[in-house]
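J.: Got a structure for you, questions after.
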Amino acid sequence: MNSPTRHLRCVRNVFTLPAITEDLSMFKSVELGLKVSKEEYDQRLPQLRAELLVAQQALKNSPVPVIVVVSGVEGAGKAGVVNALTEWLDPRGVETNVFWAPSDEEQARPEYWRFWRTLPARGKIGIFFGSWYTDPIVQRVTGKLKSAAYDRALQRIANFERMLAEDGALIVKLWYHLSKKDQRKRLKKLEKDPATRWRVTPQDWKFHELYDDFARASEQAIRMTDTASAPWHLIDSADARHQLLETGRLLLEALRQKLEALRQAPPRPKGPPPIPKKLETPTVLDQVDLSKKISDREYKVRLKEYQSRLNLLTWKAHRKKVSTVAVFEGWDAAGKGGAIRRVTSAADAKLTRVISIAAPTDEERAHHYLWRFWRHIPPAGRVTIFDRSWYGRVLVERVEGFATPDEWSRAYLEINDFEAQLVERGIVLLKFWIHISPDEQLRRFKERQQIEYKRHKITDEDWRNREKWNAYLLAVHDMLTRTSTDVAPWTIIPGNDKHYARVQVLKTFCKALEKAL
């Protein structure tokens with residue numbers, strides 16, 4: 001990663017900050033006292049607004065979502081900045097997101113759920129007033145986050161922003177600075193005016209007393225998250241007119257640079273990669289014993305036993321507000337649907353939801369591929385089952401060429417981080433790969449063709465996928481080895497015998513819930 005200070009920007013002049021010394025800190029370097037007269041402001045603003053609208057119009061038809069993070073010192077006029085941007089830009093392409101204390105709905109899910117669900121679509125601008133920076137900084141200053149935990153939170157932010165930027169997002173991070181002296185003046189001025197007195201709260205004064213602590217925590221946050229793909233811009237906010245013009249200039253410059261980079265980008269590779277005729281080395285699936293089976297009599301006994309246990313466990317988890325996310329992946333005709341039905345018929349329908357994943361909709365394609373999965377994360381005490389999942393990025397999209405090698409290669413780490421966040425929130429995460437042999441798949445395909453009520457299950461696409469067995473086998477091997485982690489391991493289910501597979505799924509479900517409870 002490049003040196004954080006390389007990208008820091010301050011009022012009109014772009015410069016590289018020197019290393020911190022006792023006499024010169026990051027924020028002291030911003031306090032240059034620049035001012036803009038009313039005449040100059042009135043002269044420059046119309047052209048700035050016109051150019052912003054032109055850039056926004058060009059953005060509209062691009063694959064770029066724009067994320068504008070508005071952060072900084074309390075009393076620095078951030079609300080005025082947000083109001084100005086929404087006035088200057090075409091409101092049809094702007095979404096403003098204000099984050100207060102988490103709602104009950106947000107507290108029932110992982111921390112980043114509230115941010116994922118508000119990310120702008122491609123061609124849109126999302127303004128984040130309050131963001132993923134707010135809570136970590138406040139918690140660090142108030143002692144709720146220790147140093148190591150704070151570092152981890154900042155690293156997660158850096159990873160989050162890098163992931164969005166690699167997917168094409170433009171991230172414009174604006175930090176509005178006031179000196180401690182200017183902050184005190186601003187708060188007193190607001191308090192003195194009856195029309196603005198309500199804007200100053202006891203917490204504002206409490207945070208003012210902690211100004212130096214906030215400065216240290218904020219400086220660390222900026223340095224650890226200032227990257228080439230998501231740089232910070234520091235703006236002296238003592239003068240409101242300068243603050244607003246500088247905000248518009250920085251946003252316009254960032255939009256123009258991104259649009260120009262798009263024009264110069266090489267064309268996206270087309271078509272799927274070649275299918276290997278044979279694999280040079282064994283895969284993890286070669287170790288699976290597909291001869292395992294269970295008698296009809298034992299199946300009926302075990303099915304009843306585990307379904308009964310699962311029903312009790314899901315209700316117990318509901319009372320204790322423990323959520324469950326189950327992922328079902330496997331070969332075509334492997335029996336995913338049948339296994340899912342045995343789970344849903346055991347768990348109460350009031351607690352369970354099945355999400356069937358097909359080709360993404362236009363709305364889903366307009367966002368990062370993980371967006372459509374984040375928004376389906378269940379509230380506390382519920383069960384969500386994914387019939388196919390986010391692993392499509394490293395399976396179907398990889399094999400069919402819908403994702404570039406860069407896109408699916410970086411998805412392993414993105415998925416691991418996503419799943420780690422679910423588990424950290426206390427969610428029970430189950431991942432099943434149901435494995436069958438090529439011969440068993442062929443037998444089931446032919447059976448589906450012959451039985452009238454099963455014919456809808458077999459399509460031309462299933463036959464095409466079968467011809468790419470080796471390509472999928474290699475992709476599955478990479479997926480299983482690179483995303484089976486301590487917190488989110490894969491369970492490989494031998495599926496040649498459907499009865500055996502269903503019992504193993506139910507048994508694993510019960511064991512995971514019993515362990516969590």
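The way I read the labels, and the way they are meant: chains A, B, ... in the order of the structure tokens, residue 1 as the first residue of every chain, and ligand 1 as the first ligand shown, with later ones counted on from there.
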Can you tell me, as a compact mmCIF listing (two decimals) with all heavy atoms, in the first residue's frame, what residues are no more than 8 Å from stretch 419-433 of chain A when counting only C-alpha atoms, ignoring any on the same chain fewer than 6 positions away?

T.:
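Result file result_27.txt:
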# COMPACT_ATOMS: atom_id res chain seq x y z
N ARG A 109 -28.38 -7.37 13.10
CA ARG A 109 -27.58 -7.90 12.01
C ARG A 109 -26.13 -7.43 12.14
O ARG A 109 -25.82 -6.57 12.96
CB ARG A 109 -28.17 -7.45 10.67
CG ARG A 109 -29.54 -8.07 10.36
CD ARG A 109 -30.11 -7.48 9.10
NE ARG A 109 -31.31 -8.15 8.63
CZ ARG A 109 -32.54 -7.86 9.02
NH1 ARG A 109 -32.74 -6.89 9.91
NH2 ARG A 109 -33.58 -8.51 8.53
N PRO A 110 -25.23 -7.99 11.31
CA PRO A 110 -23.83 -7.54 11.37
C PRO A 110 -23.71 -6.05 11.11
O PRO A 110 -24.53 -5.44 10.42
CB PRO A 110 -23.16 -8.36 10.25
CG PRO A 110 -24.01 -9.57 10.11
CD PRO A 110 -25.41 -9.12 10.39
N GLU A 111 -22.66 -5.45 11.66
CA GLU A 111 -22.47 -4.00 11.64
C GLU A 111 -22.57 -3.39 10.25
O GLU A 111 -23.19 -2.35 10.05
CB GLU A 111 -21.11 -3.67 12.25
CG GLU A 111 -20.74 -2.21 12.24
CD GLU A 111 -19.31 -1.96 12.68
OE1 GLU A 111 -18.60 -2.94 12.98
OE2 GLU A 111 -18.91 -0.78 12.73
N VAL A 322 -30.44 -16.17 18.14
CA VAL A 322 -29.31 -16.68 17.37
C VAL A 322 -29.78 -16.97 15.94
O VAL A 322 -30.68 -17.77 15.73
CB VAL A 322 -28.73 -17.97 18.00
CG1 VAL A 322 -27.65 -18.57 17.11
CG2 VAL A 322 -28.17 -17.68 19.39
N SER A 323 -29.18 -16.31 14.97
CA SER A 323 -29.56 -16.48 13.57
C SER A 323 -28.75 -17.59 12.92
O SER A 323 -27.65 -17.93 13.36
CB SER A 323 -29.34 -15.19 12.79
OG SER A 323 -30.03 -14.11 13.39
N THR A 324 -29.29 -18.12 11.83
CA THR A 324 -28.61 -19.16 11.07
C THR A 324 -28.65 -18.81 9.59
O THR A 324 -29.68 -18.40 9.06
CB THR A 324 -29.28 -20.54 11.27
OG1 THR A 324 -29.29 -20.86 12.67
CG2 THR A 324 -28.54 -21.62 10.51
N VAL A 325 -27.51 -18.97 8.94
CA VAL A 325 -27.41 -18.83 7.48
C VAL A 325 -26.85 -20.14 6.94
O VAL A 325 -25.77 -20.57 7.37
CB VAL A 325 -26.52 -17.65 7.08
CG1 VAL A 325 -26.25 -17.68 5.57
CG2 VAL A 325 -27.16 -16.32 7.46
N ALA A 326 -27.58 -20.78 6.04
CA ALA A 326 -27.12 -22.03 5.44
C ALA A 326 -26.98 -21.86 3.94
O ALA A 326 -27.86 -21.32 3.27
CB ALA A 326 -28.10 -23.16 5.75
N VAL A 327 -25.84 -22.32 3.42
CA VAL A 327 -25.53 -22.22 1.99
C VAL A 327 -25.53 -23.63 1.40
O VAL A 327 -24.85 -24.53 1.92
CB VAL A 327 -24.15 -21.57 1.79
CG1 VAL A 327 -23.70 -21.67 0.34
CG2 VAL A 327 -24.17 -20.12 2.24
N PHE A 328 -26.29 -23.81 0.34
CA PHE A 328 -26.32 -25.10 -0.36
C PHE A 328 -25.75 -24.92 -1.76
O PHE A 328 -26.29 -24.18 -2.59
CB PHE A 328 -27.74 -25.64 -0.45
CG PHE A 328 -28.23 -26.26 0.83
CD1 PHE A 328 -28.73 -25.46 1.86
CD2 PHE A 328 -28.19 -27.63 1.02
CE1 PHE A 328 -29.18 -26.01 3.04
CE2 PHE A 328 -28.64 -28.20 2.21
CZ PHE A 328 -29.13 -27.39 3.22
N GLU A 329 -24.64 -25.59 -2.02
CA GLU A 329 -24.03 -25.63 -3.35
C GLU A 329 -23.84 -27.09 -3.74
O GLU A 329 -23.85 -27.98 -2.88
CB GLU A 329 -22.68 -24.90 -3.35
CG GLU A 329 -22.75 -23.41 -3.07
CD GLU A 329 -23.20 -22.59 -4.27
OE1 GLU A 329 -23.43 -23.19 -5.35
OE2 GLU A 329 -23.32 -21.36 -4.14
N GLY A 330 -23.66 -27.33 -5.01
CA GLY A 330 -23.45 -28.70 -5.47
C GLY A 330 -23.67 -28.82 -6.96
O GLY A 330 -24.07 -27.87 -7.63
N VAL A 487 -13.57 -20.42 10.94
CA VAL A 487 -14.87 -19.90 11.37
C VAL A 487 -15.99 -20.28 10.42
O VAL A 487 -17.17 -20.24 10.79
CB VAL A 487 -14.83 -18.37 11.54
CG1 VAL A 487 -13.85 -17.97 12.61
CG2 VAL A 487 -14.52 -17.68 10.22
N ALA A 488 -15.65 -20.65 9.18
CA ALA A 488 -16.69 -20.97 8.19
C ALA A 488 -16.24 -22.15 7.33
O ALA A 488 -15.96 -21.99 6.13
CB ALA A 488 -16.99 -19.75 7.33
N PRO A 489 -16.17 -23.35 7.92
CA PRO A 489 -15.72 -24.52 7.15
C PRO A 489 -16.80 -25.05 6.22
O PRO A 489 -17.99 -24.85 6.45
CB PRO A 489 -15.40 -25.54 8.25
CG PRO A 489 -16.34 -25.19 9.36
CD PRO A 489 -16.47 -23.68 9.33
N TRP A 490 -16.36 -25.73 5.17
CA TRP A 490 -17.28 -26.42 4.28
C TRP A 490 -17.60 -27.81 4.83
O TRP A 490 -16.73 -28.47 5.41
CB TRP A 490 -16.67 -26.58 2.88
CG TRP A 490 -16.82 -25.38 2.01
CD1 TRP A 490 -15.90 -24.41 1.77
CD2 TRP A 490 -17.98 -25.03 1.24
NE1 TRP A 490 -16.39 -23.46 0.91
CE2 TRP A 490 -17.68 -23.82 0.56
CE3 TRP A 490 -19.23 -25.60 1.05
CZ2 TRP A 490 -18.59 -23.19 -0.30
CZ3 TRP A 490 -20.14 -24.97 0.21
CH2 TRP A 490 -19.82 -23.79 -0.45
N THR A 491 -18.80 -28.28 4.60
CA THR A 491 -19.18 -29.66 4.86
C THR A 491 -19.47 -30.30 3.51
O THR A 491 -20.41 -29.89 2.81
CB THR A 491 -20.43 -29.76 5.76
OG1 THR A 491 -20.15 -29.14 7.01
CG2 THR A 491 -20.81 -31.22 5.99
N ILE A 492 -18.66 -31.29 3.13
CA ILE A 492 -18.86 -31.98 1.86
C ILE A 492 -19.73 -33.20 2.12
O ILE A 492 -19.39 -34.07 2.93
CB ILE A 492 -17.52 -32.39 1.22
CG1 ILE A 492 -16.64 -31.16 1.01
CG2 ILE A 492 -17.76 -33.10 -0.11
CD1 ILE A 492 -15.24 -31.49 0.49
N ILE A 493 -20.86 -33.25 1.43
CA ILE A 493 -21.84 -34.32 1.64
C ILE A 493 -21.81 -35.29 0.46
O ILE A 493 -22.07 -34.88 -0.69
CB ILE A 493 -23.26 -33.73 1.76
CG1 ILE A 493 -23.35 -32.69 2.89
CG2 ILE A 493 -24.29 -34.84 1.94
CD1 ILE A 493 -23.26 -33.27 4.28
N VAL A 505 -27.10 -33.79 6.14
CA VAL A 505 -27.38 -32.35 6.21
C VAL A 505 -28.11 -32.02 7.50
O VAL A 505 -27.75 -31.08 8.23
CB VAL A 505 -28.21 -31.91 4.98
CG1 VAL A 505 -28.80 -30.51 5.20
CG2 VAL A 505 -27.34 -31.92 3.72
N PHE A 509 -26.73 -29.78 10.64
CA PHE A 509 -27.54 -28.64 11.08
C PHE A 509 -27.74 -28.69 12.59
O PHE A 509 -27.52 -27.69 13.31
CB PHE A 509 -28.89 -28.66 10.37
CG PHE A 509 -29.23 -27.39 9.64
CD1 PHE A 509 -29.14 -27.31 8.26
CD2 PHE A 509 -29.64 -26.26 10.34
CE1 PHE A 509 -29.46 -26.15 7.59
CE2 PHE A 509 -29.96 -25.09 9.67
CZ PHE A 509 -29.87 -25.04 8.28
N ALA A 512 -24.50 -28.11 14.67
CA ALA A 512 -24.05 -26.71 14.66
C ALA A 512 -24.90 -25.86 15.59
O ALA A 512 -24.37 -25.01 16.33
CB ALA A 512 -24.11 -26.17 13.23
N LEU A 513 -26.21 -26.07 15.59
CA LEU A 513 -27.08 -25.28 16.47
C LEU A 513 -26.86 -25.66 17.93
O LEU A 513 -26.85 -24.80 18.81
CB LEU A 513 -28.54 -25.49 16.09
CG LEU A 513 -29.01 -24.71 14.84
CD1 LEU A 513 -30.44 -25.10 14.48
CD2 LEU A 513 -28.93 -23.22 15.07
N ALA A 516 -23.75 -23.94 19.09
CA ALA A 516 -23.94 -22.49 19.25
C ALA A 516 -24.79 -22.16 20.48
O ALA A 516 -24.60 -21.11 21.10
CB ALA A 516 -24.59 -21.93 18.00

J.: Which of stretch 36-259 of chain A counts as strand (DSSP E or B) under DSSP, as an mmCIF file with N, CA, C and O atoms, in the first residue's frame please?

T.:
data_model
loop_
_atom_site.group_PDB
_atom_site.id
_atom_site.type_symbol
_atom_site.label_atom_id
_atom_site.label_comp_id
_atom_site.auth_asym_id
_atom_site.auth_seq_id
_atom_site.Cartn_x
_atom_site.Cartn_y
_atom_site.Cartn_z
ATOM 1 N N VAL A 66 -20.697 6.218 -7.124
ATOM 2 C CA VAL A 66 -19.870 7.208 -6.433
ATOM 3 C C VAL A 66 -20.284 7.265 -4.966
ATOM 4 O O VAL A 66 -21.464 7.441 -4.648
ATOM 5 N N ILE A 67 -19.308 7.116 -4.089
ATOM 6 C CA ILE A 67 -19.536 7.125 -2.642
ATOM 7 C C ILE A 67 -18.817 8.335 -2.065
ATOM 8 O O ILE A 67 -17.590 8.416 -2.128
ATOM 9 N N VAL A 68 -19.579 9.276 -1.546
ATOM 10 C CA VAL A 68 -19.010 10.487 -0.957
ATOM 11 C C VAL A 68 -19.152 10.384 0.560
ATOM 12 O O VAL A 68 -20.271 10.379 1.090
ATOM 13 N N VAL A 69 -18.030 10.282 1.247
ATOM 14 C CA VAL A 69 -18.017 10.175 2.709
ATOM 15 C C VAL A 69 -17.773 11.552 3.292
ATOM 16 O O VAL A 69 -16.748 12.181 3.016
ATOM 17 N N VAL A 70 -18.726 12.033 4.090
ATOM 18 C CA VAL A 70 -18.630 13.349 4.728
ATOM 19 C C VAL A 70 -18.355 13.139 6.215
ATOM 20 O O VAL A 70 -19.220 12.679 6.954
ATOM 21 N N SER A 71 -17.137 13.456 6.643
ATOM 22 C CA SER A 71 -16.728 13.260 8.036
ATOM 23 C C SER A 71 -15.965 14.477 8.518
ATOM 24 O O SER A 71 -15.659 15.383 7.741
ATOM 25 N N GLY A 72 -15.658 14.482 9.798
ATOM 26 C CA GLY A 72 -14.856 15.572 10.327
ATOM 27 C C GLY A 72 -15.272 16.004 11.716
ATOM 28 O O GLY A 72 -16.043 15.329 12.401
ATOM 29 N N VAL A 94 -28.913 11.244 -6.902
ATOM 30 C CA VAL A 94 -28.213 11.372 -5.621
ATOM 31 C C VAL A 94 -29.042 10.748 -4.510
ATOM 32 O O VAL A 94 -30.256 10.953 -4.430
ATOM 33 N N GLU A 95 -28.387 9.967 -3.666
ATOM 34 C CA GLU A 95 -29.031 9.407 -2.478
ATOM 35 C C GLU A 95 -28.232 9.846 -1.257
ATOM 36 O O GLU A 95 -27.023 9.648 -1.199
ATOM 37 N N THR A 96 -28.894 10.462 -0.302
ATOM 38 C CA THR A 96 -28.226 10.897 0.928
ATOM 39 C C THR A 96 -28.564 9.931 2.057
ATOM 40 O O THR A 96 -29.733 9.640 2.304
ATOM 41 N N ASN A 97 -27.535 9.437 2.724
ATOM 42 C CA ASN A 97 -27.716 8.483 3.813
ATOM 43 C C ASN A 97 -27.143 9.069 5.094
ATOM 44 O O ASN A 97 -25.960 9.404 5.153
ATOM 45 N N VAL A 98 -28.005 9.219 6.077
ATOM 46 C CA VAL A 98 -27.595 9.752 7.378
ATOM 47 C C VAL A 98 -27.659 8.620 8.396
ATOM 48 O O VAL A 98 -28.685 7.935 8.511
ATOM 49 N N ILE A 125 -24.855 8.645 -7.262
ATOM 50 C CA ILE A 125 -23.987 9.206 -6.226
ATOM 51 C C ILE A 125 -24.648 8.987 -4.872
ATOM 52 O O ILE A 125 -25.807 9.364 -4.677
ATOM 53 N N GLY A 126 -23.929 8.382 -3.961
ATOM 54 C CA GLY A 126 -24.413 8.197 -2.599
ATOM 55 C C GLY A 126 -23.605 9.061 -1.638
ATOM 56 O O GLY A 126 -22.374 8.951 -1.587
ATOM 57 N N ILE A 127 -24.278 9.930 -0.912
ATOM 58 C CA ILE A 127 -23.613 10.786 0.075
ATOM 59 C C ILE A 127 -23.822 10.160 1.447
ATOM 60 O O ILE A 127 -24.967 9.930 1.867
ATOM 61 N N PHE A 128 -22.736 9.890 2.147
ATOM 62 C CA PHE A 128 -22.797 9.247 3.455
ATOM 63 C C PHE A 128 -22.430 10.266 4.531
ATOM 64 O O PHE A 128 -21.261 10.621 4.687
ATOM 65 N N PHE A 129 -23.452 10.746 5.236
ATOM 66 C CA PHE A 129 -23.269 11.718 6.313
ATOM 67 C C PHE A 129 -23.243 10.915 7.611
ATOM 68 O O PHE A 129 -24.261 10.503 8.133
ATOM 69 N N LEU A 170 -16.110 4.844 -7.261
ATOM 70 C CA LEU A 170 -15.314 6.032 -6.966
ATOM 71 C C LEU A 170 -15.636 6.443 -5.535
ATOM 72 O O LEU A 170 -16.793 6.715 -5.205
ATOM 73 N N ILE A 171 -14.626 6.475 -4.688
ATOM 74 C CA ILE A 171 -14.813 6.815 -3.275
ATOM 75 C C ILE A 171 -14.137 8.157 -3.010
ATOM 76 O O ILE A 171 -12.923 8.297 -3.162
ATOM 77 N N VAL A 172 -14.953 9.133 -2.630
ATOM 78 C CA VAL A 172 -14.453 10.485 -2.342
ATOM 79 C C VAL A 172 -14.657 10.727 -0.845
ATOM 80 O O VAL A 172 -15.783 10.857 -0.374
ATOM 81 N N LYS A 173 -13.559 10.781 -0.101
ATOM 82 C CA LYS A 173 -13.640 10.924 1.357
ATOM 83 C C LYS A 173 -13.202 12.330 1.756
ATOM 84 O O LYS A 173 -12.069 12.735 1.491
ATOM 85 N N LEU A 174 -14.108 13.061 2.387
ATOM 86 C CA LEU A 174 -13.891 14.461 2.728
ATOM 87 C C LEU A 174 -13.883 14.621 4.247
ATOM 88 O O LEU A 174 -14.858 14.268 4.917
ATOM 89 N N TRP A 175 -12.798 15.155 4.765
ATOM 90 C CA TRP A 175 -12.683 15.403 6.204
ATOM 91 C C TRP A 175 -12.650 16.910 6.439
ATOM 92 O O TRP A 175 -11.776 17.611 5.939
ATOM 93 N N TYR A 176 -13.631 17.399 7.202
ATOM 94 C CA TYR A 176 -13.776 18.831 7.453
ATOM 95 C C TYR A 176 -13.189 19.157 8.816
ATOM 96 O O TYR A 176 -13.659 18.654 9.839
ATOM 97 N N HIS A 177 -12.165 20.005 8.803
ATOM 98 C CA HIS A 177 -11.403 20.273 10.025
ATOM 99 C C HIS A 177 -11.666 21.674 10.568
ATOM 100 O O HIS A 177 -11.807 22.643 9.820
ATOM 101 N N TRP A 232 -8.060 10.313 1.276
ATOM 102 C CA TRP A 232 -8.728 11.327 2.093
ATOM 103 C C TRP A 232 -8.388 12.718 1.559
ATOM 104 O O TRP A 232 -7.270 12.961 1.101
ATOM 105 N N HIS A 233 -9.355 13.624 1.661
ATOM 106 C CA HIS A 233 -9.153 15.032 1.330
ATOM 107 C C HIS A 233 -9.481 15.844 2.582
ATOM 108 O O HIS A 233 -10.605 15.808 3.073
ATOM 109 N N LEU A 234 -8.494 16.568 3.093
ATOM 110 C CA LEU A 234 -8.667 17.371 4.298
ATOM 111 C C LEU A 234 -8.967 18.814 3.913
ATOM 112 O O LEU A 234 -8.236 19.412 3.118
ATOM 113 N N ILE A 235 -10.040 19.363 4.481
ATOM 114 C CA ILE A 235 -10.495 20.699 4.101
ATOM 115 C C ILE A 235 -10.602 21.583 5.343
ATOM 116 O O ILE A 235 -11.298 21.234 6.311
ATOM 117 N N ASP A 236 -9.921 22.708 5.314
ATOM 118 C CA ASP A 236 -10.043 23.699 6.386
ATOM 119 C C ASP A 236 -11.457 24.286 6.317
ATOM 120 O O ASP A 236 -11.854 24.856 5.299
#

J.: Under the rule of at most 10 Å, produce a per-residue listing of stretch 62-177 of chain A near stretch 261-285 of chain A: chain, number, name, the closest pair of atoms, and the distance in Å, as a Markdown table, using only C-alpha atoms.

T.:
| residue | atom | partner | partner_atom | distance |
| --- | --- | --- | --- | --- |
| A:Ser62 | CA | A:Leu262 | CA | 8.4 |
| A:Pro63 | CA | A:Leu262 | CA | 9.0 |
| A:Val64 | CA | A:Leu262 | CA | 9.1 |
| A:Gly168 | CA | A:Leu262 | CA | 9.5 |

J.: Could you pull the residues within 9 Å of A:Glu219, counting only C-alpha atoms, minus those fewer than 6 positions along the same chain, as a VMD selection string?

T.: chain A and resid 25 to 27

J.: If you take only C-alpha atoms and a cut-off of 10 Å, which residues of stretch 463-508 of chain A touch stretch 441-458 of chain A, and what are their nearest atom pairs and distances in Å to one decimal, in chain and number order, as a tab-separated table?

T.:
residue	atom	partner	partner_atom	distance
A:Trp463	CA	A:Ile458	CA	8.2
A:Arg466	CA	A:Gln441	CA	8.7
A:Asn496	CA	A:Gln441	CA	8.6

J.: Take the residues from that selection and write them out as a short mmCIF file (atom, residue, chain, number, x, y, z; two decimals), in the first residue's frame, keeping C-alpha atoms.

T.:
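Saved file result.cif follows:
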data_model
loop_
_atom_site.label_atom_id
_atom_site.label_comp_id
_atom_site.auth_asym_id
_atom_site.auth_seq_id
_atom_site.Cartn_x
_atom_site.Cartn_y
_atom_site.Cartn_z
CA TRP A 463 -26.38 -30.46 -20.37
CA ARG A 466 -22.10 -31.18 -17.78
CA ASN A 496 -24.97 -40.42 -4.68
#

J.: Considering only C-alpha atoms, state which residue in the set A:Asp213, A:Asp289, A:Glu166, A:Glu105 is at the smallest distance from A:Gly495.

T.: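 Smallest distance to A:Gly495 is found for A:Asp289.
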
J.: From stretch 327-418 of chain A, collect each residue whose DSSP state is alpha helix (DSSP H) and return the set as a PyMOL selection string.

T.: chain A and resi 336-344+362-365+371-374+396-400+405-418
